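As stored in start-v4.pdb (PDB, C-alpha atoms, pLDDT in the B column):
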```
ATOM      1  CA  MET A 596     -11.782   4.585 -27.582  1.00 71.00           C
ATOM      2  CA  ILE A 597      -8.786   3.765 -29.745  1.00 80.00           C
ATOM      3  CA  MET A 598      -5.770   6.040 -29.361  1.00 82.00           C
ATOM      4  CA  THR A 599      -3.188   6.704 -32.016  1.00 87.00           C
ATOM      5  CA  LEU A 600       0.446   5.848 -31.262  1.00 90.00           C
ATOM      6  CA  THR A 601       1.271   9.513 -30.601  1.00 92.00           C
ATOM      7  CA  GLU A 602      -1.614   9.805 -28.155  1.00 91.00           C
ATOM      8  CA  GLN A 603      -0.466   6.649 -26.381  1.00 92.00           C
ATOM      9  CA  VAL A 604       3.105   7.935 -26.114  1.00 94.00           C
ATOM     10  CA  ILE A 605       1.887  11.286 -24.735  1.00 94.00           C
ATOM     11  CA  THR A 606      -0.412   9.554 -22.225  1.00 93.00           C
ATOM     12  CA  VAL A 607       2.336   7.249 -20.944  1.00 93.00           C
ATOM     13  CA  GLY A 608       4.755  10.195 -20.815  1.00 94.00           C
ATOM     14  CA  MET A 609       2.360  12.299 -18.731  1.00 95.00           C
ATOM     15  CA  ILE A 610       1.785   9.421 -16.318  1.00 93.00           C
ATOM     16  CA  VAL A 611       5.542   8.861 -15.935  1.00 93.00           C
ATOM     17  CA  LEU A 612       6.067  12.581 -15.353  1.00 94.00           C
ATOM     18  CA  ALA A 613       3.298  12.867 -12.756  1.00 93.00           C
ATOM     19  CA  THR A 614       4.421   9.720 -10.911  1.00 91.00           C
ATOM     20  CA  MET A 615       8.044  10.840 -10.729  1.00 91.00           C
ATOM     21  CA  LEU A 616       7.073  14.390  -9.759  1.00 92.00           C
ATOM     22  CA  THR A 617       4.951  13.222  -6.821  1.00 90.00           C
ATOM     23  CA  ARG A 618       7.596  10.712  -5.750  1.00 89.00           C
ATOM     24  CA  PHE A 619      10.557  13.111  -5.751  1.00 91.00           C
ATOM     25  CA  LEU A 620       8.791  16.312  -4.656  1.00 92.00           C
ATOM     26  CA  PRO A 621       8.685  15.564  -0.886  1.00 89.00           C
ATOM     27  CA  PHE A 622      12.393  14.727  -0.901  1.00 88.00           C
ATOM     28  CA  VAL A 623      13.197  17.956  -2.760  1.00 89.00           C
ATOM     29  CA  LEU A 624      10.988  20.043  -0.448  1.00 90.00           C
ATOM     30  CA  PHE A 625      12.445  18.512   2.711  1.00 88.00           C
ATOM     31  CA  PRO A 626      16.124  17.845   2.018  1.00 85.00           C
ATOM     32  CA  SER A 627      17.912  15.487   4.380  1.00 78.00           C
ATOM     33  CA  GLY A 628      20.412  18.181   5.378  1.00 80.00           C
ATOM     34  CA  LYS A 629      17.769  20.089   7.325  1.00 83.00           C
ATOM     35  CA  PRO A 630      15.659  18.634  10.127  1.00 85.00           C
ATOM     36  CA  THR A 631      12.227  17.618   8.836  1.00 83.00           C
ATOM     37  CA  PRO A 632       9.462  19.912  10.218  1.00 88.00           C
ATOM     38  CA  LYS A 633       7.684  18.551  13.316  1.00 90.00           C
ATOM     39  CA  TYR A 634       4.290  18.509  11.580  1.00 91.00           C
ATOM     40  CA  ILE A 635       5.664  16.409   8.709  1.00 89.00           C
ATOM     41  CA  GLN A 636       7.356  14.040  11.176  1.00 88.00           C
ATOM     42  CA  TYR A 637       4.022  13.684  12.981  1.00 92.00           C
ATOM     43  CA  LEU A 638       2.271  12.862   9.703  1.00 91.00           C
ATOM     44  CA  GLY A 639       5.018  10.345   8.929  1.00 87.00           C
ATOM     45  CA  ARG A 640       4.207   8.555  12.186  1.00 89.00           C
ATOM     46  CA  VAL A 641       0.410   8.572  12.009  1.00 92.00           C
ATOM     47  CA  LEU A 642      -0.457   8.590   8.290  1.00 92.00           C
ATOM     48  CA  PRO A 643       0.756   5.086   7.278  1.00 90.00           C
ATOM     49  CA  ALA A 644      -1.695   3.265   9.548  1.00 93.00           C
ATOM     50  CA  ALA A 645      -4.582   5.352   8.197  1.00 95.00           C
ATOM     51  CA  VAL A 646      -3.430   4.947   4.585  1.00 93.00           C
ATOM     52  CA  PHE A 647      -3.194   1.153   4.922  1.00 92.00           C
ATOM     53  CA  GLY A 648      -6.773   1.294   6.241  1.00 95.00           C
ATOM     54  CA  LEU A 649      -7.763   3.371   3.230  1.00 95.00           C
ATOM     55  CA  LEU A 650      -6.100   0.834   0.891  1.00 93.00           C
ATOM     56  CA  VAL A 651      -8.016  -2.053   2.470  1.00 94.00           C
ATOM     57  CA  VAL A 652     -11.280  -0.149   1.973  1.00 95.00           C
ATOM     58  CA  TYR A 653     -10.181   0.731  -1.561  1.00 94.00           C
ATOM     59  CA  CYS A 654      -9.722  -2.970  -2.383  1.00 92.00           C
ATOM     60  CA  LEU A 655     -13.272  -3.621  -1.216  1.00 92.00           C
ATOM     61  CA  LYS A 656     -14.845  -0.603  -2.887  1.00 90.00           C
ATOM     62  CA  ASN A 657     -16.796  -2.641  -5.430  1.00 87.00           C
ATOM     63  CA  VAL A 658     -18.233  -5.066  -2.895  1.00 87.00           C
ATOM     64  CA  ASN A 659     -21.982  -4.538  -2.712  1.00 83.00           C
ATOM     65  CA  VAL A 660     -23.324  -5.586   0.677  1.00 83.00           C
ATOM     66  CA  LEU A 661     -26.912  -5.016  -0.457  1.00 83.00           C
ATOM     67  CA  ALA A 662     -26.946  -7.293  -3.503  1.00 77.00           C
ATOM     68  CA  GLY A 663     -25.314 -10.306  -5.119  1.00 78.00           C
ATOM     69  CA  SER A 664     -23.321 -12.307  -2.623  1.00 77.00           C
ATOM     70  CA  HIS A 665     -23.543  -9.414  -0.101  1.00 83.00           C
ATOM     71  CA  GLY A 666     -19.773  -9.408   0.326  1.00 86.00           C
ATOM     72  CA  VAL A 667     -19.942 -12.682   2.239  1.00 90.00           C
ATOM     73  CA  PRO A 668     -16.984 -14.350   0.426  1.00 89.00           C
ATOM     74  CA  GLU A 669     -14.885 -11.205   0.920  1.00 92.00           C
ATOM     75  CA  PHE A 670     -15.564 -10.998   4.635  1.00 93.00           C
ATOM     76  CA  ILE A 671     -15.077 -14.715   5.255  1.00 93.00           C
ATOM     77  CA  CYS A 672     -11.746 -14.680   3.394  1.00 94.00           C
ATOM     78  CA  ILE A 673     -10.549 -11.555   5.185  1.00 95.00           C
ATOM     79  CA  ALA A 674     -11.305 -13.413   8.412  1.00 95.00           C
ATOM     80  CA  VAL A 675      -9.232 -16.336   7.060  1.00 94.00           C
ATOM     81  CA  VAL A 676      -6.351 -13.959   6.274  1.00 95.00           C
ATOM     82  CA  ILE A 677      -6.532 -12.416   9.749  1.00 95.00           C
ATOM     83  CA  GLY A 678      -6.753 -15.832  11.392  1.00 94.00           C
ATOM     84  CA  LEU A 679      -3.812 -17.248   9.443  1.00 94.00           C
ATOM     85  CA  HIS A 680      -1.751 -14.161  10.135  1.00 93.00           C
ATOM     86  CA  LEU A 681      -2.461 -14.170  13.867  1.00 93.00           C
ATOM     87  CA  TRP A 682      -1.648 -17.868  13.963  1.00 93.00           C
ATOM     88  CA  LYS A 683       1.523 -18.174  11.881  1.00 90.00           C
ATOM     89  CA  ARG A 684       2.560 -14.541  11.241  1.00 90.00           C
ATOM     90  CA  GLN A 685       3.776 -15.621   7.787  1.00 89.00           C
ATOM     91  CA  MET A 686       2.870 -12.933   5.265  1.00 87.00           C
ATOM     92  CA  LEU A 687       2.935 -15.153   2.162  1.00 90.00           C
ATOM     93  CA  LEU A 688       0.945 -17.934   3.830  1.00 93.00           C
ATOM     94  CA  SER A 689      -1.736 -15.492   4.972  1.00 94.00           C
ATOM     95  CA  ILE A 690      -2.022 -13.901   1.524  1.00 94.00           C
ATOM     96  CA  ALA A 691      -1.977 -17.186  -0.420  1.00 94.00           C
ATOM     97  CA  GLY A 692      -4.378 -18.913   1.979  1.00 94.00           C
ATOM     98  CA  GLY A 693      -6.920 -16.101   1.802  1.00 94.00           C
ATOM     99  CA  THR A 694      -6.673 -15.826  -1.976  1.00 94.00           C
ATOM    100  CA  VAL A 695      -7.078 -19.564  -2.625  1.00 94.00           C
ATOM    101  CA  CYS A 696     -10.028 -19.588  -0.250  1.00 93.00           C
ATOM    102  CA  TYR A 697     -11.592 -16.649  -2.102  1.00 93.00           C
ATOM    103  CA  MET A 698     -11.052 -18.205  -5.549  1.00 93.00           C
ATOM    104  CA  LEU A 699     -12.695 -21.451  -4.396  1.00 91.00           C
ATOM    105  CA  PHE A 700     -15.615 -19.481  -2.996  1.00 89.00           C
ATOM    106  CA  VAL A 701     -16.374 -17.310  -6.008  1.00 88.00           C
ATOM    107  CA  GLN A 702     -15.780 -20.107  -8.522  1.00 88.00           C
ATOM    108  CA  THR A 703     -17.759 -22.857  -6.830  1.00 87.00           C
ATOM    109  CA  VAL A 704     -20.081 -21.642  -4.093  1.00 79.00           C
ATOM    110  CA  PHE A 705     -21.251 -18.169  -5.109  1.00 71.00           C
TER
ATOM    111  CA  MET B  57      10.090   7.894   4.416  1.00 77.00           C
ATOM    112  CA  LEU B  58      11.907  11.227   4.441  1.00 80.00           C
ATOM    113  CA  ASP B  59      13.854  10.125   7.494  1.00 79.00           C
ATOM    114  CA  ARG B  60      13.976   6.410   6.651  1.00 82.00           C
ATOM    115  CA  TYR B  61      15.769   7.123   3.383  1.00 86.00           C
ATOM    116  CA  LYS B  62      18.221   9.470   5.104  1.00 82.00           C
ATOM    117  CA  GLY B  63      21.884   8.574   4.852  1.00 78.00           C
ATOM    118  CA  THR B  64      21.514   6.000   2.099  1.00 83.00           C
ATOM    119  CA  GLY B  65      23.794   7.962  -0.228  1.00 84.00           C
ATOM    120  CA  TRP B  66      23.556   7.342  -3.971  1.00 87.00           C
ATOM    121  CA  LYS B  67      21.007   4.605  -3.414  1.00 89.00           C
ATOM    122  CA  LYS B  68      18.499   7.246  -2.314  1.00 89.00           C
ATOM    123  CA  PHE B  69      17.790   8.318  -5.887  1.00 88.00           C
ATOM    124  CA  TYR B  70      16.803   4.808  -6.900  1.00 92.00           C
ATOM    125  CA  LEU B  71      14.867   4.250  -3.656  1.00 91.00           C
ATOM    126  CA  ILE B  72      12.698   7.273  -4.427  1.00 91.00           C
ATOM    127  CA  PHE B  73      12.370   6.352  -8.102  1.00 91.00           C
ATOM    128  CA  GLY B  74      11.207   2.835  -7.292  1.00 90.00           C
ATOM    129  CA  MET B  75       8.918   3.643  -4.372  1.00 88.00           C
ATOM    130  CA  CYS B  76       5.699   1.990  -5.509  1.00 86.00           C
ATOM    131  CA  ASP B  77       2.998   1.064  -2.939  1.00 81.00           C
ATOM    132  CA  GLU B  78       4.579  -2.329  -2.363  1.00 81.00           C
ATOM    133  CA  SER B  79       8.149  -1.053  -1.841  1.00 88.00           C
ATOM    134  CA  PHE B  80       6.857   1.679   0.451  1.00 86.00           C
ATOM    135  CA  SER B  81       4.837  -0.801   2.509  1.00 80.00           C
ATOM    136  CA  ILE B  82       7.739  -3.208   2.964  1.00 84.00           C
ATOM    137  CA  ASN B  83      10.407  -0.580   3.582  1.00 87.00           C
ATOM    138  CA  TYR B  84       8.184   1.282   6.004  1.00 83.00           C
ATOM    139  CA  THR B  85       7.044  -1.702   8.079  1.00 79.00           C
ATOM    140  CA  ALA B  86      10.139  -3.946   7.911  1.00 82.00           C
ATOM    141  CA  GLU B  87      12.127  -4.347  11.083  1.00 84.00           C
ATOM    142  CA  ILE B  88      15.649  -4.362   9.727  1.00 85.00           C
ATOM    143  CA  PRO B  89      18.126  -6.213  12.001  1.00 86.00           C
ATOM    144  CA  GLU B  90      20.893  -4.133  13.558  1.00 86.00           C
ATOM    145  CA  ASP B  91      23.696  -5.879  11.667  1.00 88.00           C
ATOM    146  CA  VAL B  92      22.115  -5.350   8.239  1.00 89.00           C
ATOM    147  CA  ASP B  93      22.872  -2.208   6.251  1.00 88.00           C
ATOM    148  CA  ARG B  94      19.553  -0.339   5.976  1.00 88.00           C
ATOM    149  CA  GLY B  95      20.421   1.295   2.687  1.00 91.00           C
ATOM    150  CA  TRP B  96      21.222  -1.996   0.952  1.00 91.00           C
ATOM    151  CA  PHE B  97      18.228  -3.741   2.532  1.00 92.00           C
ATOM    152  CA  MET B  98      15.809  -1.155   1.173  1.00 92.00           C
ATOM    153  CA  PHE B  99      17.703  -0.998  -2.110  1.00 93.00           C
ATOM    154  CA  PHE B 100      17.221  -4.720  -2.726  1.00 93.00           C
ATOM    155  CA  VAL B 101      13.571  -4.625  -1.644  1.00 93.00           C
ATOM    156  CA  THR B 102      13.014  -1.914  -4.235  1.00 94.00           C
ATOM    157  CA  LEU B 103      15.140  -3.611  -6.903  1.00 94.00           C
ATOM    158  CA  LEU B 104      13.413  -6.983  -6.513  1.00 94.00           C
ATOM    159  CA  ASN B 105       9.979  -5.353  -6.580  1.00 93.00           C
ATOM    160  CA  HIS B 106      11.024  -3.469  -9.692  1.00 94.00           C
ATOM    161  CA  PHE B 107      12.219  -6.697 -11.291  1.00 95.00           C
ATOM    162  CA  TYR B 108       9.096  -8.681 -10.311  1.00 94.00           C
ATOM    163  CA  TRP B 109       6.839  -5.949 -11.598  1.00 93.00           C
ATOM    164  CA  PHE B 110       8.693  -5.618 -14.858  1.00 94.00           C
ATOM    165  CA  SER B 111       9.109  -9.346 -15.512  1.00 94.00           C
ATOM    166  CA  GLY B 112       5.565 -10.110 -14.359  1.00 92.00           C
ATOM    167  CA  ALA B 113       4.091  -7.511 -16.688  1.00 93.00           C
ATOM    168  CA  THR B 114       6.262  -8.711 -19.578  1.00 93.00           C
ATOM    169  CA  LEU B 115       5.390 -12.380 -19.057  1.00 92.00           C
ATOM    170  CA  GLY B 116       1.736 -11.469 -18.709  1.00 89.00           C
ATOM    171  CA  GLY B 117       1.828  -9.477 -21.906  1.00 89.00           C
ATOM    172  CA  ILE B 118       3.514 -12.243 -23.878  1.00 89.00           C
ATOM    173  CA  PHE B 119       1.878 -15.355 -22.453  1.00 86.00           C
ATOM    174  CA  GLY B 120      -1.331 -13.940 -20.975  1.00 80.00           C
ATOM    175  CA  SER B 121      -3.477 -15.067 -23.882  1.00 81.00           C
ATOM    176  CA  MET B 122      -2.229 -18.655 -23.531  1.00 81.00           C
ATOM    177  CA  ILE B 123      -3.475 -19.128 -19.977  1.00 74.00           C
ATOM    178  CA  HIS B 124      -6.882 -20.706 -19.786  1.00 76.00           C
ATOM    179  CA  PHE B 125      -7.433 -21.766 -16.177  1.00 78.00           C
ATOM    180  CA  ASN B 126     -10.078 -19.910 -14.246  1.00 80.00           C
ATOM    181  CA  THR B 127      -8.485 -16.921 -12.565  1.00 79.00           C
ATOM    182  CA  GLU B 128     -11.730 -15.473 -11.206  1.00 84.00           C
ATOM    183  CA  GLY B 129     -11.092 -14.163  -7.721  1.00 86.00           C
ATOM    184  CA  LEU B 130      -7.317 -13.959  -8.122  1.00 88.00           C
ATOM    185  CA  ASP B 131      -7.502 -10.190  -7.618  1.00 89.00           C
ATOM    186  CA  PHE B 132      -8.262 -10.890  -3.964  1.00 92.00           C
ATOM    187  CA  VAL B 133      -4.496 -11.255  -3.558  1.00 93.00           C
ATOM    188  CA  MET B 134      -4.256  -7.453  -3.365  1.00 91.00           C
ATOM    189  CA  THR B 135      -6.932  -7.238  -0.679  1.00 93.00           C
ATOM    190  CA  ALA B 136      -5.218 -10.002   1.300  1.00 94.00           C
ATOM    191  CA  MET B 137      -1.851  -8.254   1.013  1.00 91.00           C
ATOM    192  CA  PHE B 138      -3.152  -4.927   2.291  1.00 92.00           C
ATOM    193  CA  VAL B 139      -5.036  -6.653   5.124  1.00 94.00           C
ATOM    194  CA  VAL B 140      -1.770  -8.302   6.200  1.00 93.00           C
ATOM    195  CA  ILE B 141       0.180  -5.048   5.940  1.00 90.00           C
ATOM    196  CA  PHE B 142      -2.542  -3.236   7.879  1.00 93.00           C
ATOM    197  CA  MET B 143      -2.314  -5.918  10.600  1.00 94.00           C
ATOM    198  CA  ASP B 144       1.471  -5.702  10.797  1.00 90.00           C
ATOM    199  CA  GLN B 145       1.213  -1.937  11.218  1.00 90.00           C
ATOM    200  CA  TRP B 146      -1.523  -2.428  13.841  1.00 92.00           C
ATOM    201  CA  ILE B 147       0.657  -4.849  15.818  1.00 91.00           C
ATOM    202  CA  LYS B 148       3.611  -2.431  15.661  1.00 87.00           C
ATOM    203  CA  ASP B 149       1.612   0.620  16.770  1.00 87.00           C
ATOM    204  CA  GLN B 150       0.864   1.254  20.421  1.00 88.00           C
ATOM    205  CA  LYS B 151      -2.155   3.438  19.662  1.00 89.00           C
ATOM    206  CA  HIS B 152      -4.702   2.505  17.013  1.00 93.00           C
ATOM    207  CA  THR B 153      -6.501   5.829  16.600  1.00 93.00           C
ATOM    208  CA  SER B 154      -5.007   6.483  13.183  1.00 94.00           C
ATOM    209  CA  ALA B 155      -5.675   2.972  11.844  1.00 95.00           C
ATOM    210  CA  VAL B 156      -9.316   3.112  12.969  1.00 96.00           C
ATOM    211  CA  LEU B 157      -9.697   6.632  11.528  1.00 96.00           C
ATOM    212  CA  GLY B 158      -8.337   5.408   8.191  1.00 95.00           C
ATOM    213  CA  ILE B 159     -10.939   2.640   7.950  1.00 96.00           C
ATOM    214  CA  VAL B 160     -13.883   4.673   9.294  1.00 96.00           C
ATOM    215  CA  LEU B 161     -13.252   7.858   7.285  1.00 96.00           C
ATOM    216  CA  SER B 162     -12.674   5.827   4.103  1.00 96.00           C
ATOM    217  CA  LEU B 163     -15.933   3.919   4.652  1.00 95.00           C
ATOM    218  CA  ILE B 164     -17.856   7.155   5.236  1.00 95.00           C
ATOM    219  CA  CYS B 165     -16.395   8.665   2.061  1.00 95.00           C
ATOM    220  CA  LEU B 166     -17.153   5.447   0.145  1.00 94.00           C
ATOM    221  CA  ILE B 167     -20.815   5.687   1.181  1.00 93.00           C
ATOM    222  CA  VAL B 168     -21.120   9.450   0.587  1.00 94.00           C
ATOM    223  CA  PHE B 169     -19.207   9.542  -2.713  1.00 93.00           C
ATOM    224  CA  SER B 170     -19.287   6.839  -5.374  1.00 87.00           C
ATOM    225  CA  SER B 171     -16.764   4.001  -5.391  1.00 88.00           C
ATOM    226  CA  ASP B 172     -14.970   5.653  -8.321  1.00 89.00           C
ATOM    227  CA  SER B 173     -14.344   8.989  -6.637  1.00 91.00           C
ATOM    228  CA  PHE B 174     -14.093   8.420  -2.897  1.00 93.00           C
ATOM    229  CA  ILE B 175     -10.330   8.155  -2.614  1.00 93.00           C
ATOM    230  CA  ILE B 176      -9.436  11.874  -2.851  1.00 94.00           C
ATOM    231  CA  PRO B 177     -12.123  12.977  -0.340  1.00 95.00           C
ATOM    232  CA  ALA B 178     -11.009  10.131   1.932  1.00 95.00           C
ATOM    233  CA  MET B 179      -7.376  11.314   1.788  1.00 95.00           C
ATOM    234  CA  ILE B 180      -8.422  14.896   2.547  1.00 95.00           C
ATOM    235  CA  ALA B 181     -10.637  13.724   5.433  1.00 96.00           C
ATOM    236  CA  ILE B 182      -7.821  11.584   6.916  1.00 95.00           C
ATOM    237  CA  LEU B 183      -5.286  14.412   6.607  1.00 95.00           C
ATOM    238  CA  GLY B 184      -7.738  16.937   8.068  1.00 95.00           C
ATOM    239  CA  VAL B 185      -8.788  14.856  11.063  1.00 95.00           C
ATOM    240  CA  LEU B 186      -5.207  13.780  11.850  1.00 94.00           C
ATOM    241  CA  THR B 187      -4.114  17.424  11.686  1.00 95.00           C
ATOM    242  CA  LEU B 188      -6.915  18.457  14.072  1.00 95.00           C
ATOM    243  CA  LEU B 189      -5.976  15.626  16.437  1.00 93.00           C
ATOM    244  CA  ARG B 190      -2.260  16.413  16.415  1.00 92.00           C
ATOM    245  CA  ILE B 191      -2.045  17.991  19.886  1.00 91.00           C
ATOM    246  CA  PRO B 192      -4.017  15.273  21.767  1.00 90.00           C
ATOM    247  CA  MET B 193      -2.289  12.547  19.707  1.00 87.00           C
ATOM    248  CA  GLU B 194       1.198  13.836  20.492  1.00 87.00           C
ATOM    249  CA  LYS B 195       0.271  14.189  24.166  1.00 84.00           C
ATOM    250  CA  GLY B 196      -0.761  10.543  24.055  1.00 78.00           C
ATOM    251  CA  GLY B 197       2.737   9.714  22.856  1.00 70.00           C
ATOM    252  CA  VAL B 198       2.264   8.933  19.162  1.00 64.00           C
TER
END
```

Structure translated into structure tokens:
Amino acid sequence: MIMTLTEQVITVGMIVLATMLTRFLPFVLFPSGKPTPKYIQYLGRVLPAAVFGLLVVYCLKNVNVLAGSHGVPEFICIAVVIGLHLWKRQMLLSIAGGTVCYMLFVQTVF
Amino acid sequence: MLDRYKGTGWKKFYLIFGMCDESFSINYTAEIPEDVDRGWFMFFVTLLNHFYWFSGATLGGIFGSMIHFNTEGLDFVMTAMFVVIFMDQWIKDQKHTSAVLGIVLSLICLIVFSSDSFIIPAMIAILGVLTLLRIPMEKGGV
């Protein structure tokens, strides 16, 4: 589908508007002058861990364990990331090591 | 984030404006040393992310067509980053109920719904289960 310039401008504008609305809304609803409700504070403590879990699953959503390479390169490289991170606790090293490992795998082995 | 961004003054507006996934993850998990101003720390995290994003996208747009080496698999960098962030959060937390719930509920939703539409049901499921578990979780000291 090819969009005209006007359509593109409107699309980008709507995305900007929605992003900014969702980003500012919580801060408008719960101003810093008042104490944040207990339920929201609870969510602030427990949600991040769950959301990071969701994001990891999201990254792997197109991995098909029943066909192709069965997700083997993904799982091996996640193990490499975990191993590197437990060993050195250096974020960039863990990320770069896992990614290089994955690129080698999918380009040469699988 | 509501409480983390408290007391940052004029910087708060920009902190909210620039709160992409990456800025949120760093600002939420970072252990800022006592002698460092929290507002400025988070401000520069956000500003640098903003700058990297902007300059990266611009460079990619201009020079992207000139790069010819094989980038297959480079997208794994995002997976690796979230795995590391998830681990850091795991190490920081005393209880891992929420982290496990996040993975399990997302996987269930991924299997039940298609990979294109599982994220909203997964968010609702996580929010619902965490809300139901609030009383036992808070008793457990979360």

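Residues matched by the PyMOL selection byres ((chain B) within 7 of (chain A)) in this file are B:Leu58, B:Lys62, B:Ile72, B:Phe73, B:Glu128, B:Gly129, B:Leu130, B:Phe132, B:Val133, B:Thr135, B:Ala136, B:Met137, B:Phe138, B:Val139, B:Val140, B:Phe142, B:Gln145, B:Ser154, B:Ala155, B:Leu157, B:Gly158, B:Ile159, B:Ser162, B:Leu163, B:Ser171.
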
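Across the model, the gap from atom CA of B:Val160 to atom CA of A:Phe670 is 16.4 Å.
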
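When atom CA of A:Gly666 is paired with atom CA of B:Ser81, their separation reads 26.2 Å.
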
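One distance worth recording is that between atom CA of B:Ile147 and atom CA of B:Ile167, which is 28.0 Å.
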
Edge lengths and centre in Å to one decimal, as JSON, is what I'm after for the box along x, y and z that holds all listed atoms of stretch 685-699 of chain A once 4 Å is added on each side.
```
{"center_x": -4.5, "center_y": -17.2, "center_z": 1.1, "size_x": 24.5, "size_y": 16.5, "size_z": 21.3}
```

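Residue nearest B:Asp93, chosen from B:Gly63, B:Gly117, B:Gly74, B:Gly112 and counting all atoms listed in the file: B:Gly63.
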
Shell around B:His106 at 12 Å using all atoms listed in the file, local window under 4 positions removed, as a PyMOL selection string: chain B and resi 70-71+73-79+99-102+110-113

Generate the coordinates of N, CA and C atoms for stretch 76-91 of chain B; report them as a compact mmCIF listing (two decimals), keeping the file's coordinate frame.
```txt
# COMPACT_ATOMS: atom_id res chain seq x y z
N CYS B 76 7.10 2.28 -5.24
CA CYS B 76 5.70 1.99 -5.51
C CYS B 76 5.04 1.62 -4.18
N ASP B 77 3.72 1.41 -4.18
CA ASP B 77 3.00 1.06 -2.94
C ASP B 77 3.67 -0.08 -2.20
N GLU B 78 4.05 -1.11 -2.97
CA GLU B 78 4.58 -2.33 -2.36
C GLU B 78 5.94 -2.07 -1.70
N SER B 79 6.83 -1.35 -2.41
CA SER B 79 8.15 -1.05 -1.84
C SER B 79 8.00 -0.18 -0.60
N PHE B 80 7.10 0.81 -0.70
CA PHE B 80 6.86 1.68 0.45
C PHE B 80 6.40 0.86 1.65
N SER B 81 5.41 -0.03 1.41
CA SER B 81 4.84 -0.80 2.51
C SER B 81 5.90 -1.65 3.19
N ILE B 82 6.72 -2.33 2.38
CA ILE B 82 7.74 -3.21 2.96
C ILE B 82 8.81 -2.38 3.67
N ASN B 83 9.33 -1.37 2.99
CA ASN B 83 10.41 -0.58 3.58
C ASN B 83 9.94 0.17 4.83
N TYR B 84 8.66 0.54 4.84
CA TYR B 84 8.18 1.28 6.00
C TYR B 84 7.96 0.36 7.20
N THR B 85 7.42 -0.85 6.95
CA THR B 85 7.04 -1.70 8.08
C THR B 85 8.15 -2.67 8.50
N ALA B 86 9.13 -2.93 7.61
CA ALA B 86 10.14 -3.95 7.91
C ALA B 86 10.97 -3.57 9.13
N GLU B 87 11.21 -4.57 9.97
CA GLU B 87 12.13 -4.35 11.08
C GLU B 87 13.48 -4.88 10.67
N ILE B 88 14.36 -3.97 10.27
CA ILE B 88 15.65 -4.36 9.73
C ILE B 88 16.60 -4.66 10.88
N PRO B 89 17.20 -5.87 10.91
CA PRO B 89 18.13 -6.21 12.00
C PRO B 89 19.30 -5.24 12.09
N GLU B 90 19.81 -5.08 13.28
CA GLU B 90 20.89 -4.13 13.56
C GLU B 90 22.11 -4.33 12.65
N ASP B 91 22.45 -5.61 12.39
CA ASP B 91 23.70 -5.88 11.67
C ASP B 91 23.51 -5.86 10.15
```
